[in-house]
Structures are given as C-alpha cells and as structure tokens.
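Trainee: So that we are looking at the same thing, I have put the structure below in structure tokens.
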Amino acid sequence: RRRRPLAASGLTLRYLRALTTVAAAHSIGRAAERLGISQPALSRQLRELEHGIGATLLERSARGVTLTPAGITLATDAPGLLAGAEHLMREVSRAKRSVEGRCVVGTVATAASAALLARVTERCVTQHPDLQLLVQEMPTPEQRTALAAADIDLGLAHALPTPGWNRGDRIIATRLLDDRLDTALLVRGHPLASRQEIEAVELANVPFLFMDRSLHPAFYDRVHSAFAALGLRPRVEATYDALQTVWALTAQGKGWTVGFHSHLDRSPAGTVAVRIAGFSLPFGLELLSRRGETSPAVLTVMAAFREVRQTGRGGAGGATAKMSESAQPANSQATSRDR
C-alpha cells in the first residue's frame with residue numbers, strides 16, 4: 001500500500017511511548033499495565049500507528065509479540081525522539097517562565113544556603129517587586145542535570161572538593177561562599193564533644209553517618225581517602241541521601257558526621273562541632289547557571305546573588321550568622337510578591 005508522509009500520518013508521542021513500552025515488555029498486556037491503560041486501548045494505538053506510517057511493526061502470536069524489522073528501527077529511534085520532545089517541552093516551559101518573570105532556583109538545604117536565599121529574596125522584593133522567585137530543594141548532584149533539562153533556572157550547590165565535577169560546556173559555576181570540611185558533628189553531651197580538637201582515629205568506634213557513594217562517587221572517595229590518610233576507617237552502618245536527615249540522627253546520638261568550619265560558630269540544632277586534627281577539605285556554595293543565559297528574570301536573580309556576595313560579611317559562617325528566624329525555608333516555593 002502507498003506510504004503516507006509522517007506529517008500526515010498522525011504519528012504522536014503517545015504512539016511512540018506505546019511502541020517502546022511493548023518492545024521492552026514483549027507483551028501487550030504487560031505494556032498496558034505499565035502505561036496504565038487497557039489492553040484494547042493499547043492495541044488500538046498500535047494499529048493506528050501501523051496504519052499511520054504504512055508498515056507492520058509487530059508480529060502477534062499466542063506467545064506474545066515480536067518486532068518486525070520496521071518495528072525494530074522505529075523502536076530504536078523512538079527513545080531519542082521522545083527525549084528530544086521532552087527537552088523541547090521543558091524549553092518551552094522555561095521560555096514561558098521567562099515571559100512571566102519567573103525564576104526557579106534549585107538549592108541545597110543548609111543554614112548557609114537559606115541565609116543567602118533570604119538575602120537574595122529580600123533584595124529582589126525591594127528592587128524587583130514583579131519578579132517571581134521559586135525555590136526548590138535539590139541535592140547538589142541533581143542540579144546540573146536539572147539545569148540542562150531546563151527544570152530549574154539556577155542552582156545553589158555545594159562547592160564539593162572534586163574540581164571540575166560540575167563543570168561543562170553548558171554550565172557555569174560561580175563561587176559565592178567559601179567554607180571547609182574540617183570538623184566532626186557530635187551530639188551534645190558526647191564525651192568527645194567537650195574537646196576543642198580530636199584525632200580522627202578517636203571516631204573509629206562511633207557510627208559514621210554519611211551519604212551513599214552512588215550519590216557522588218568522587219566526593220565520597222575524596223572524604224574517605226582523607227580519613228584513610230589519618231588512619232581512620234569510618235564505621236559505616238547505613239547511608240543517607242539528605243543532610244537534614246544526617247544532622248537529625250546526629251542530634252539523636254546515633255553517630256557522627258563531617259561538619260563545616262562554619263559549624264564551629266553555629267552547628268545544627270542538638271549538635272556540637274569539633275575540629276578534626278589534620279582534616280581539611282575545601283567546601284562552600286556555588287551558583288550554577290546555564291552558559292549564554294538570556295532570560296531577564298534569571299539574569300536579574302544572578303545579579304542579586306553577585307551583589308549579595310560582594311556586600312557579604314565573608315565566608316559561609318558569616319552567611320549562616322545572618323540567617324534570621326524568618327528566613328525562607330529551603331524547600332519552599334514562594335514568590336517575591338508573597339513575602
């Protein structure tokens with residue numbers, strides 16, 4: 001039969017998802033379950049897809065379905081087409097945010113980041129009352145991907161002691177605050193908490209509360225290598241994916257975790273920061289942005305971050321000390337109009 005051009009074929013993203021799901025499941029029934037639709041509805045979509053492109057894509061039998069050569073070709077290309085379409089939709093959403101004067105900032109959830117965001121938000125409220133600033137809590141390893149996918153417009157991330165990990169052709173990292181990893185956080189009342197400095201090996205029998213290596217292997221290895229150089233092999237009984245969780249468990253006396261130098265001035269509630277002799281890794285906060293940014297709203301927020309950095313009192317400890325009790329929580333979504 002005569003093949004119709006794709007422009008007139010009715011080829012849709014829904015049909016492509018249907019085909020890729022069937023190809024992965026090797027069964028229309030299982031694919032329908034994964035897609036959350038009925039089997040007849042999925043079969044109808046597949047028939048419409050075959051009719052639209054003028055080719056048989058599936059060979060049906062009592063044992064299930066197999067892809068024809070044409071089906072294999074389309075199923076192989078479909079993931080790329082779907083990814084491109086999803087990226088395009090994110091870019092459209094990003095463009096819409098720009099027109100509406102909105103900026104989404106992905107941020108780590110720490111006192112220093114909350115303090116910095118509070119000062120940036122205050123500046124935007126005063127100088128740009130029509131700007132909408134949305135804040136979304138997001139771990140550092142996820143921010144670069146979210147920026148590239150246009151899910152966020154800026155990232156407020158930890159400046160991890162692994163040079164180059166968050167750099168790339170499309171991402172620019174600007175240092176905002178300097179800090180160091182050089183302390184141990186312990187529960188108040190712990191025998192080691194009353195000391196000004198401890199040896200790393202003194203922590204060997206205390207459970208170490210830390211991230212899972214899969215979250216950021218290079219950072220994980222750098223920290224453990226630094227401990228190994230001091231003769232410490234941390235006692236790891238479980239791993240966690242959020243700083244707030246680790247700090248809460250530390251305050252409950254469940255173990256210890258690494259802390260920032262700024263924690264010597266202000267540690268998380270219920271904890272005490274103690275220097276670890278010989279342990280010191282660079283840390284801090286960075287602003288992640290996309291190269292060639294053109295959105296007026298995003299450029300305005302970037303400028304606010306730069307101004308706050310230039311007028312700051314220095315260091316992450318200074319930023320932490322500036323955090324007021326009314327500072328915007330890091331996992332909120334608020335606009336400058338709402339404050």
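All residue names refer to the structure tokens as shown: chains lettered A, B, ... in order, residues numbered from 1 in each chain, ligands numbered from 1 in order.
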Just the alpha helix (DSSP H) stuff from range 156-293 of chain A, please, per backbone DSSP, written as a PyMOL selection string.

Mentor: chain A and resi 217-229+243-251

Trainee: Tell me, as a list in words, which residues lie within 12 Å of Thr300 in chain A, counting only C-alpha atoms; anything in the same chain fewer than 3 positions away does not count.

Mentor: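 Residues near the query, excluding close chain neighbours: Ser98, Gly101, Arg102, Cys103, Val120, Thr121, Arg123, Cys124, Val125, Gln127, His128, Pro129, Asp130, Leu131, Gln132, Leu133, Asp153, Leu154, Glu293, Thr294, Ser295, Pro296, Ala297, Ala303, Ala304, Phe305, Arg306 and Glu307 of chain A.
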
Trainee: Write out, as a tab-separated table (two decimals), in the first residue's frame, the residues just selected, with N, CA and C atoms.

Mentor:
chain	number	residue	atom	x	y	z
A	98	SER	N	10.25	32.71	31.56
A	98	SER	CA	10.96	33.95	31.27
A	98	SER	C	9.98	35.08	30.95
A	101	GLY	N	8.29	36.30	33.99
A	101	GLY	CA	9.16	36.89	35.01
A	101	GLY	C	9.39	35.98	36.19
A	102	ARG	N	9.50	34.67	35.92
A	102	ARG	CA	9.73	33.71	37.00
A	102	ARG	C	11.12	33.10	36.89
A	103	CYS	N	11.69	32.76	38.03
A	103	CYS	CA	12.99	32.11	38.08
A	103	CYS	C	12.93	31.01	39.14
A	120	VAL	N	18.93	37.29	49.09
A	120	VAL	CA	18.64	37.50	47.67
A	120	VAL	C	17.16	37.81	47.47
A	121	THR	N	16.30	37.06	48.17
A	121	THR	CA	14.86	37.30	48.05
A	121	THR	C	14.50	38.69	48.53
A	123	ARG	N	16.37	41.32	48.51
A	123	ARG	CA	16.83	42.28	47.50
A	123	ARG	C	15.88	42.32	46.30
A	124	CYS	N	15.42	41.13	45.87
A	124	CYS	CA	14.50	41.08	44.74
A	124	CYS	C	13.16	41.72	45.08
A	125	VAL	N	12.68	41.49	46.30
A	125	VAL	CA	11.41	42.10	46.72
A	125	VAL	C	11.51	43.62	46.67
A	127	GLN	N	13.86	45.58	45.00
A	127	GLN	CA	14.25	46.20	43.75
A	127	GLN	C	13.44	45.71	42.55
A	128	HIS	N	12.86	44.51	42.65
A	128	HIS	CA	12.12	43.95	41.51
A	128	HIS	C	10.84	43.28	42.02
A	129	PRO	N	9.88	44.06	42.44
A	129	PRO	CA	8.67	43.50	43.07
A	129	PRO	C	7.84	42.61	42.16
A	130	ASP	N	7.99	42.71	40.85
A	130	ASP	CA	7.21	41.89	39.94
A	130	ASP	C	7.88	40.55	39.62
A	131	LEU	N	9.08	40.37	40.10
A	131	LEU	CA	9.81	39.13	39.85
A	131	LEU	C	9.30	38.01	40.77
A	132	GLN	N	9.06	36.84	40.20
A	132	GLN	CA	8.64	35.68	40.98
A	132	GLN	C	9.84	34.74	41.15
A	133	LEU	N	10.24	34.55	42.39
A	133	LEU	CA	11.39	33.69	42.70
A	133	LEU	C	10.88	32.42	43.36
A	153	ASP	N	16.23	27.02	36.76
A	153	ASP	CA	16.93	28.08	36.05
A	153	ASP	C	18.31	28.37	36.65
A	154	LEU	N	18.45	28.16	37.94
A	154	LEU	CA	19.72	28.36	38.63
A	154	LEU	C	19.86	27.27	39.69
A	293	GLU	N	22.92	32.44	29.15
A	293	GLU	CA	21.58	32.73	29.68
A	293	GLU	C	21.05	34.06	29.14
A	294	THR	N	19.76	34.06	28.72
A	294	THR	CA	19.16	35.27	28.15
A	294	THR	C	17.90	35.71	28.88
A	295	SER	N	17.35	34.89	29.75
A	295	SER	CA	16.12	35.26	30.45
A	295	SER	C	16.34	36.46	31.35
A	296	PRO	N	15.58	37.54	31.18
A	296	PRO	CA	15.74	38.72	32.04
A	296	PRO	C	15.54	38.39	33.52
A	297	ALA	N	14.57	37.53	33.82
A	297	ALA	CA	14.31	37.18	35.22
A	297	ALA	C	15.50	36.45	35.83
A	303	ALA	N	22.28	38.53	39.14
A	303	ALA	CA	22.88	39.79	39.58
A	303	ALA	C	22.67	39.99	41.08
A	304	ALA	N	21.51	39.59	41.59
A	304	ALA	CA	21.23	39.71	43.02
A	304	ALA	C	22.19	38.85	43.83
A	305	PHE	N	22.46	37.64	43.35
A	305	PHE	CA	23.42	36.77	44.03
A	305	PHE	C	24.81	37.41	44.04
A	306	ARG	N	25.21	38.00	42.91
A	306	ARG	CA	26.53	38.63	42.85
A	306	ARG	C	26.61	39.81	43.81
A	307	GLU	N	25.54	40.60	43.87
A	307	GLU	CA	25.53	41.77	44.76
A	307	GLU	C	25.58	41.35	46.22

Trainee: Could you name the residues that touch range 285-291 of chain A at 6 Å or less, counting only C-alpha atoms, but leaving out those on the same chain fewer than 6 positions away, as number ranges by chain?

Mentor: A: 154-159, 170-177

Trainee: Quote the spacing between CA of Arg235 in chain A and CA of Pro207 in chain A in Å to one decimal place.

Mentor: 5.0 Å

Trainee: Looking at A:Ala25, A:Ala109, A:Ala85, A:Leu192, which one is nearest to Leu67 in chain A, with distances taken over only C-alpha atoms?

Mentor: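 Ranked by minimum distance to Leu67 in chain A, first place goes to A:Ala25.
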
Trainee: Could you pull the residues within 10 Å of Pro234 in chain A, counting only C-alpha atoms, minus those fewer than 6 positions along the same chain, as a PyMOL selection string?

Mentor: chain A and resi 200-201+203-210+224+227-228+256-257

Trainee: Could you write out that same residue set with N, CA and C atoms as a JSON list (two decimals), in the first residue's frame?

Mentor:
[["chain", "number", "residue", "atom", "x", "y", "z"],
["A", 200, "ALA", "N", 41.40, 11.93, 64.40],
["A", 200, "ALA", "CA", 40.43, 11.21, 63.58],
["A", 200, "ALA", "C", 40.19, 9.79, 64.10],
["A", 201, "VAL", "N", 41.22, 9.12, 64.54],
["A", 201, "VAL", "CA", 41.09, 7.72, 64.98],
["A", 201, "VAL", "C", 40.20, 7.59, 66.21],
["A", 203, "LEU", "N", 37.35, 8.59, 66.45],
["A", 203, "LEU", "CA", 35.97, 8.41, 65.96],
["A", 203, "LEU", "C", 35.74, 7.02, 65.40],
["A", 204, "ALA", "N", 36.74, 6.16, 65.45],
["A", 204, "ALA", "CA", 36.67, 4.86, 64.78],
["A", 204, "ALA", "C", 35.50, 4.00, 65.25],
["A", 205, "ASN", "N", 35.14, 4.08, 66.53],
["A", 205, "ASN", "CA", 34.09, 3.22, 67.07],
["A", 205, "ASN", "C", 32.73, 3.90, 67.13],
["A", 206, "VAL", "N", 32.63, 5.10, 66.60],
["A", 206, "VAL", "CA", 31.35, 5.82, 66.57],
["A", 206, "VAL", "C", 30.77, 5.67, 65.17],
["A", 207, "PRO", "N", 29.51, 5.25, 65.05],
["A", 207, "PRO", "CA", 28.92, 5.10, 63.70],
["A", 207, "PRO", "C", 29.03, 6.38, 62.89],
["A", 208, "PHE", "N", 29.45, 6.25, 61.63],
["A", 208, "PHE", "CA", 29.62, 7.39, 60.73],
["A", 208, "PHE", "C", 28.37, 7.56, 59.88],
["A", 209, "LEU", "N", 27.73, 8.70, 59.97],
["A", 209, "LEU", "CA", 26.51, 9.00, 59.23],
["A", 209, "LEU", "C", 26.88, 9.82, 58.00],
["A", 210, "PHE", "N", 26.69, 9.22, 56.82],
["A", 210, "PHE", "CA", 27.17, 9.89, 55.60],
["A", 210, "PHE", "C", 26.32, 9.46, 54.41],
["A", 224, "HIS", "N", 36.66, 9.83, 52.17],
["A", 224, "HIS", "CA", 37.18, 8.61, 52.78],
["A", 224, "HIS", "C", 38.69, 8.49, 52.60],
["A", 227, "PHE", "N", 40.27, 10.58, 55.30],
["A", 227, "PHE", "CA", 40.23, 9.88, 56.58],
["A", 227, "PHE", "C", 41.28, 8.77, 56.62],
["A", 228, "ALA", "N", 41.41, 8.04, 55.52],
["A", 228, "ALA", "CA", 42.38, 6.94, 55.47],
["A", 228, "ALA", "C", 43.80, 7.46, 55.71],
["A", 256, "TRP", "N", 28.14, 10.13, 64.26],
["A", 256, "TRP", "CA", 28.75, 11.42, 63.95],
["A", 256, "TRP", "C", 28.80, 11.61, 62.45],
["A", 257, "THR", "N", 29.00, 12.85, 62.02],
["A", 257, "THR", "CA", 29.17, 13.14, 60.60],
["A", 257, "THR", "C", 30.15, 14.28, 60.43]]

Trainee: Pick out the closest residue to Leu117 in chain A from this set: A:Ala242, A:Leu215, A:Val274, A:Val301. Count only C-alpha atoms.

Mentor: A:Val301
